[in-house]
Amino acid sequence: MDVLLGLQWGDEGKGKIVDFLSENYDLIARFQGGPNAGHTIKFDGKKFVLHQLPSGIFRSNVHNLIGNGVVLNPTILREEIETANETFGDITPRLHISEKAHLILPTHMLLDAAYEKQKGKDKIGSTLKGIGPVYQDKIARLGLRVGDIKRDDFIDKYKAIYEHHEQKLAFMGHEIPKDIDKEFFDAIDFMKDLHLVSSEYLINEYSSEAKKILAEGAQGTLLDIDFGSYPFVTSSNTSSAGACTGLGISPKSIDQVIGIFKAYCTRVGSGPFPTELEDETGNLLRMKGGEFGATTGRERRCGWLDLPALKYAVMLNGVTTLYMMKADVLSGFEKIKACTSYRVDDKYETDKLPYDLNTVSIEPIYKQFEGWPDEDLSGKLPDTLKNYIKFIEDYVGVKVGLLSYGPERDKTTIFKKNKL
């Protein structure tokens with residue numbers, strides 16, 4: 001099994017790469033997150049945004065699995081499947097859903113909005129998709145799982161959670177709108193006809209038969225609940241370790257760990273961002289890169305590449321190869337910078353992420369590079385781009401095996417044996 005994940009604060013381009021690579025795999029498996037993800041895929045002049053379906057779903061010969069670590073909104077899932085069916089025919093024969101994945105209820109989304117409002121100026125920038133509250137219920141052993149929808153006591157379980165949420169919302173001064181769950185139950189009926197499976201058995205059968213599996217992460221490593229910029233993080237483990245618990249497969253099954261990163265940095269929502277550019281350069285990166293959230297539509301904060309953060313993510317995940325995205329966005333810049341260390345509270349310099357990243361004052365220390373022309377990168381790469389890539393490889397200790405210079409499938413160069 002190979003694992004593919006983001007090494008920054010998300011939005012690295014994982015969807016494109018999974019779609020690009022998926023023809024070489026038998027099974028694509030999502031292992032964490034939920035509809036807070038937004039994987040954008042472009043091919044044949046069309047654009048598709050996936051929130052819950054794995055990014056290999058458009059390959060007719062590839063099976064796709066939504067793992068137990070994912071939290072699932074039935075209404076959004078139904079909409080995605082029906083939209084995909086309109087273009088590709090019935091995709092459901094190649095879609096499998098873990099019985100152990102937890103369900104997002106309509107009241108989870110109400111709680112998400114109420115919690116965020118309660119935080120005031122300290123809000124984390126939630127997507128308001130109910131992700132945090134459903135993971136809370138999962139840990140508190142209160143949650144509803146996909147497999148429950150076929151049980152005789154499903155409605156009783158649903159009512160118990162609904163009443164629990166109703167009490168919480170009332171305490172915060174909120175009421176539940178009437179008929180909030182009509183679409184939810186319609187979608188539940190739709191889901192009963194899908195392939196609901198014991199995913200841990202399915203994926204281990206694939207592994208024992210030497211079939212090729214690609215585990216797909218949703219959010220970036222720096223949003224990991226344990227190792228990200230807490231509390232401005234997501235509610236699941238976004239690292240390679242999360243692939244094991246989110247799919248039910250042993251760590252010894254992992255072969256390659258593919259780490260995706262942008263040639264610069266972006267972040268959506270609140271939280272620390274040491275290299276953020278709140279100037280015309282940052283705005284230019286945003287406009288050239290189309291940096292607007294696929295899920296929320298919000299502007300992404302933009303800045304130069306943060307190498308200490310990238311090296312940290314490489315270490316945590318045991319990355320074996322790097323894929324660099326959006327090299328074309330930096331084309332045309334006369335000078336390019338990359339952060340190589342931090343000056344913390346004007347007291348000391350370090351190349352490690354401080355524990356208290358959210359509260360200390362951080363000044364990025366930059367190395368400057370010559371830019372490359374605004375031209376097609378499908379041919380021979382400019383020497384200045386090669387120099388930039390080589391510096392990144394030497395800094396983090398891992399080679400770059402792929403370069404992406406556009407959202408379409410064909411805007412991709414694979415380096416043979418990781419050589420430029």
# chains A, B, ... in the order shown; residues from 1 in each chain; ligands from 1
call {"tool": "residues_around", "arguments": {"residues": "A:Pro364", "least_positions_apart": "3", "cutoff": "8 Å", "atoms": "only C-alpha atoms", "output": "list in words"}}
result
Pro274, Thr275, Cys339, Thr340, Ser341, Tyr342 and Arg343 of chain A
call {"tool": "atom_distance", "arguments": {"atom1": "atom CA of A:Thr234", "atom2": "atom CA of A:Val360"}}
result
21.2 Å
call {"tool": "select_by_dssp", "arguments": {"residues": "stretch 248-378 of chain A", "states": "strand (DSSP E or B)", "output": "ChimeraX atom specification"}}
result
/A:257-262,265-267,276,292,299,301-303,305-306,321-325,335-344,348-350,362-370
call {"tool": "residues_around", "arguments": {"residues": "A:Ile336", "least_positions_apart": "2", "cutoff": "8 Å", "atoms": "only C-alpha atoms", "output": "PyMOL selection string"}}
result
chain A and resi 304+330+333-334+338+368-371
call {"tool": "residues_around", "arguments": {"residues": "stretch 217-233 of chain A", "least_positions_apart": "6", "cutoff": "8 Å", "atoms": "only C-alpha atoms", "output": "PyMOL selection string"}}
result
chain A and resi 3-12+14+30-34+37+124-125+239+243+270-272+309+313+357-358
call {"tool": "select_by_dssp", "arguments": {"residues": "stretch 12-154 of chain A", "states": "alpha helix (DSSP H)", "output": "PyMOL selection string"}}
result
chain A and resi 14-21+74-88+106-119+131-139+154
call {"tool": "residues_around", "arguments": {"residues": "A:Ser361", "least_positions_apart": "4", "cutoff": "8 Å", "atoms": "only C-alpha atoms", "output": "list in words"}}
result
Val344, Asp345 and Asp346 of chain A
call {"tool": "residues_around", "arguments": {"residues": "stretch 134-144 of chain A", "least_positions_apart": "3", "cutoff": "6 Å", "atoms": "only C-alpha atoms", "output": "PyMOL selection string"}}
result
chain A and resi 102-104+131
call {"tool": "closest_residue", "arguments": {"among": "A:Gly132, A:Met109, A:Arg59, A:Asp356", "to": "A:Ser236", "atoms": "only C-alpha atoms"}}
result
A:Gly132
call {"tool": "closest_residue", "arguments": {"among": "A:Lys168, A:Lys159, A:Lys411, A:Lys337", "to": "A:Lys16", "atoms": "only C-alpha atoms"}}
result
A:Lys411
call {"tool": "decode", "arguments": {"residues": "stretch 116-155 of chain A", "atoms": "N, CA and C atoms", "output": "PDB file, in the first residue's frame"}}
result
ATOM      1  N   GLU A 116     -18.488  27.663  16.927  1.00  0.00           N
ATOM      2  CA  GLU A 116     -17.641  28.653  16.266  1.00  0.00           C
ATOM      3  C   GLU A 116     -18.060  30.070  16.661  1.00  0.00           C
ATOM      4  N   LYS A 117     -19.359  30.301  16.713  1.00  0.00           N
ATOM      5  CA  LYS A 117     -19.862  31.622  17.121  1.00  0.00           C
ATOM      6  C   LYS A 117     -19.494  31.925  18.562  1.00  0.00           C
ATOM      7  N   GLN A 118     -19.545  30.907  19.399  1.00  0.00           N
ATOM      8  CA  GLN A 118     -19.231  31.063  20.819  1.00  0.00           C
ATOM      9  C   GLN A 118     -17.767  31.466  21.034  1.00  0.00           C
ATOM     10  N   LYS A 119     -16.876  31.043  20.128  1.00  0.00           N
ATOM     11  CA  LYS A 119     -15.448  31.349  20.272  1.00  0.00           C
ATOM     12  C   LYS A 119     -15.124  32.814  19.968  1.00  0.00           C
ATOM     13  N   GLY A 120     -16.016  33.491  19.243  1.00  0.00           N
ATOM     14  CA  GLY A 120     -15.795  34.903  18.931  1.00  0.00           C
ATOM     15  C   GLY A 120     -14.526  35.112  18.143  1.00  0.00           C
ATOM     16  N   LYS A 121     -13.675  36.018  18.620  1.00  0.00           N
ATOM     17  CA  LYS A 121     -12.442  36.349  17.907  1.00  0.00           C
ATOM     18  C   LYS A 121     -11.442  35.201  17.902  1.00  0.00           C
ATOM     19  N   ASP A 122     -11.661  34.187  18.730  1.00  0.00           N
ATOM     20  CA  ASP A 122     -10.756  33.041  18.784  1.00  0.00           C
ATOM     21  C   ASP A 122     -11.229  31.874  17.924  1.00  0.00           C
ATOM     22  N   LYS A 123     -12.181  32.134  17.011  1.00  0.00           N
ATOM     23  CA  LYS A 123     -12.693  31.057  16.174  1.00  0.00           C
ATOM     24  C   LYS A 123     -11.579  30.448  15.341  1.00  0.00           C
ATOM     25  N   ILE A 124     -11.719  29.158  15.020  1.00  0.00           N
ATOM     26  CA  ILE A 124     -10.645  28.447  14.313  1.00  0.00           C
ATOM     27  C   ILE A 124     -10.804  28.479  12.801  1.00  0.00           C
ATOM     28  N   GLY A 125     -11.925  28.993  12.304  1.00  0.00           N
ATOM     29  CA  GLY A 125     -12.135  29.013  10.861  1.00  0.00           C
ATOM     30  C   GLY A 125     -12.719  27.714  10.357  1.00  0.00           C
ATOM     31  N   SER A 126     -13.619  27.122  11.133  1.00  0.00           N
ATOM     32  CA  SER A 126     -14.252  25.858  10.751  1.00  0.00           C
ATOM     33  C   SER A 126     -14.993  26.001   9.428  1.00  0.00           C
ATOM     34  N   THR A 127     -15.064  24.887   8.688  1.00  0.00           N
ATOM     35  CA  THR A 127     -15.853  24.864   7.453  1.00  0.00           C
ATOM     36  C   THR A 127     -17.351  24.731   7.747  1.00  0.00           C
ATOM     37  N   LEU A 128     -17.697  24.523   9.017  1.00  0.00           N
ATOM     38  CA  LEU A 128     -19.100  24.410   9.472  1.00  0.00           C
ATOM     39  C   LEU A 128     -19.810  23.212   8.842  1.00  0.00           C
ATOM     40  N   LYS A 129     -19.053  22.167   8.561  1.00  0.00           N
ATOM     41  CA  LYS A 129     -19.622  20.949   7.986  1.00  0.00           C
ATOM     42  C   LYS A 129     -19.941  19.898   9.053  1.00  0.00           C
ATOM     43  N   GLY A 130     -19.757  20.253  10.330  1.00  0.00           N
ATOM     44  CA  GLY A 130     -20.083  19.321  11.401  1.00  0.00           C
ATOM     45  C   GLY A 130     -18.968  18.364  11.760  1.00  0.00           C
ATOM     46  N   ILE A 131     -17.769  18.617  11.251  1.00  0.00           N
ATOM     47  CA  ILE A 131     -16.657  17.670  11.418  1.00  0.00           C
ATOM     48  C   ILE A 131     -16.249  17.521  12.887  1.00  0.00           C
ATOM     49  N   GLY A 132     -15.979  18.653  13.552  1.00  0.00           N
ATOM     50  CA  GLY A 132     -15.568  18.600  14.954  1.00  0.00           C
ATOM     51  C   GLY A 132     -16.593  17.906  15.840  1.00  0.00           C
ATOM     52  N   PRO A 133     -17.866  18.320  15.788  1.00  0.00           N
ATOM     53  CA  PRO A 133     -18.875  17.678  16.641  1.00  0.00           C
ATOM     54  C   PRO A 133     -19.052  16.182  16.387  1.00  0.00           C
ATOM     55  N   VAL A 134     -18.963  15.725  15.138  1.00  0.00           N
ATOM     56  CA  VAL A 134     -19.153  14.292  14.910  1.00  0.00           C
ATOM     57  C   VAL A 134     -17.960  13.497  15.437  1.00  0.00           C
ATOM     58  N   TYR A 135     -16.746  14.049  15.318  1.00  0.00           N
ATOM     59  CA  TYR A 135     -15.597  13.370  15.918  1.00  0.00           C
ATOM     60  C   TYR A 135     -15.679  13.410  17.448  1.00  0.00           C
ATOM     61  N   GLN A 136     -16.248  14.476  18.013  1.00  0.00           N
ATOM     62  CA  GLN A 136     -16.474  14.523  19.457  1.00  0.00           C
ATOM     63  C   GLN A 136     -17.376  13.368  19.891  1.00  0.00           C
ATOM     64  N   ASP A 137     -18.477  13.184  19.166  1.00  0.00           N
ATOM     65  CA  ASP A 137     -19.395  12.103  19.504  1.00  0.00           C
ATOM     66  C   ASP A 137     -18.748  10.737  19.321  1.00  0.00           C
ATOM     67  N   LYS A 138     -17.886  10.629  18.311  1.00  0.00           N
ATOM     68  CA  LYS A 138     -17.176   9.364  18.083  1.00  0.00           C
ATOM     69  C   LYS A 138     -16.316   9.022  19.296  1.00  0.00           C
ATOM     70  N   ILE A 139     -15.537   9.995  19.763  1.00  0.00           N
ATOM     71  CA  ILE A 139     -14.655   9.757  20.907  1.00  0.00           C
ATOM     72  C   ILE A 139     -15.460   9.538  22.188  1.00  0.00           C
ATOM     73  N   ALA A 140     -16.604  10.217  22.307  1.00  0.00           N
ATOM     74  CA  ALA A 140     -17.456  10.066  23.486  1.00  0.00           C
ATOM     75  C   ALA A 140     -18.318   8.801  23.427  1.00  0.00           C
ATOM     76  N   ARG A 141     -18.157   8.024  22.330  1.00  0.00           N
ATOM     77  CA  ARG A 141     -18.886   6.765  22.143  1.00  0.00           C
ATOM     78  C   ARG A 141     -20.396   6.985  22.086  1.00  0.00           C
ATOM     79  N   LEU A 142     -20.768   8.069  21.410  1.00  0.00           N
ATOM     80  CA  LEU A 142     -22.180   8.396  21.223  1.00  0.00           C
ATOM     81  C   LEU A 142     -22.609   8.315  19.763  1.00  0.00           C
ATOM     82  N   GLY A 143     -21.671   8.090  18.854  1.00  0.00           N
ATOM     83  CA  GLY A 143     -21.914   8.291  17.433  1.00  0.00           C
ATOM     84  C   GLY A 143     -22.761   7.228  16.760  1.00  0.00           C
ATOM     85  N   LEU A 144     -23.310   7.620  15.610  1.00  0.00           N
ATOM     86  CA  LEU A 144     -23.998   6.702  14.703  1.00  0.00           C
ATOM     87  C   LEU A 144     -23.040   6.333  13.586  1.00  0.00           C
ATOM     88  N   ARG A 145     -23.012   5.038  13.229  1.00  0.00           N
ATOM     89  CA  ARG A 145     -22.124   4.589  12.170  1.00  0.00           C
ATOM     90  C   ARG A 145     -22.937   4.131  10.955  1.00  0.00           C
ATOM     91  N   VAL A 146     -22.254   4.051   9.832  1.00  0.00           N
ATOM     92  CA  VAL A 146     -22.918   3.674   8.589  1.00  0.00           C
ATOM     93  C   VAL A 146     -23.654   2.345   8.735  1.00  0.00           C
ATOM     94  N   GLY A 147     -23.022   1.383   9.388  1.00  0.00           N
ATOM     95  CA  GLY A 147     -23.655   0.075   9.558  1.00  0.00           C
ATOM     96  C   GLY A 147     -24.948   0.116  10.343  1.00  0.00           C
ATOM     97  N   ASP A 148     -25.133   1.167  11.147  1.00  0.00           N
ATOM     98  CA  ASP A 148     -26.350   1.269  11.965  1.00  0.00           C
ATOM     99  C   ASP A 148     -27.598   1.501  11.123  1.00  0.00           C
ATOM    100  N   ILE A 149     -27.434   1.999   9.887  1.00  0.00           N
ATOM    101  CA  ILE A 149     -28.622   2.380   9.117  1.00  0.00           C
ATOM    102  C   ILE A 149     -29.466   1.165   8.725  1.00  0.00           C
ATOM    103  N   LYS A 150     -28.895  -0.022   8.815  1.00  0.00           N
ATOM    104  CA  LYS A 150     -29.649  -1.233   8.484  1.00  0.00           C
ATOM    105  C   LYS A 150     -30.157  -1.971   9.723  1.00  0.00           C
ATOM    106  N   ARG A 151     -29.916  -1.397  10.884  1.00  0.00           N
ATOM    107  CA  ARG A 151     -30.378  -2.014  12.129  1.00  0.00           C
ATOM    108  C   ARG A 151     -31.804  -1.572  12.462  1.00  0.00           C
ATOM    109  N   ASP A 152     -32.522  -2.431  13.148  1.00  0.00           N
ATOM    110  CA  ASP A 152     -33.903  -2.124  13.518  1.00  0.00           C
ATOM    111  C   ASP A 152     -34.004  -0.965  14.505  1.00  0.00           C
ATOM    112  N   ASP A 153     -32.935  -0.753  15.276  1.00  0.00           N
ATOM    113  CA  ASP A 153     -32.975   0.303  16.297  1.00  0.00           C
ATOM    114  C   ASP A 153     -32.327   1.607  15.819  1.00  0.00           C
ATOM    115  N   PHE A 154     -32.152   1.768  14.498  1.00  0.00           N
ATOM    116  CA  PHE A 154     -31.484   2.976  13.989  1.00  0.00           C
ATOM    117  C   PHE A 154     -32.219   4.253  14.395  1.00  0.00           C
ATOM    118  N   ILE A 155     -33.536   4.283  14.238  1.00  0.00           N
ATOM    119  CA  ILE A 155     -34.296   5.488  14.556  1.00  0.00           C
ATOM    120  C   ILE A 155     -34.189   5.810  16.048  1.00  0.00           C
TER     121      ILE A 155
END
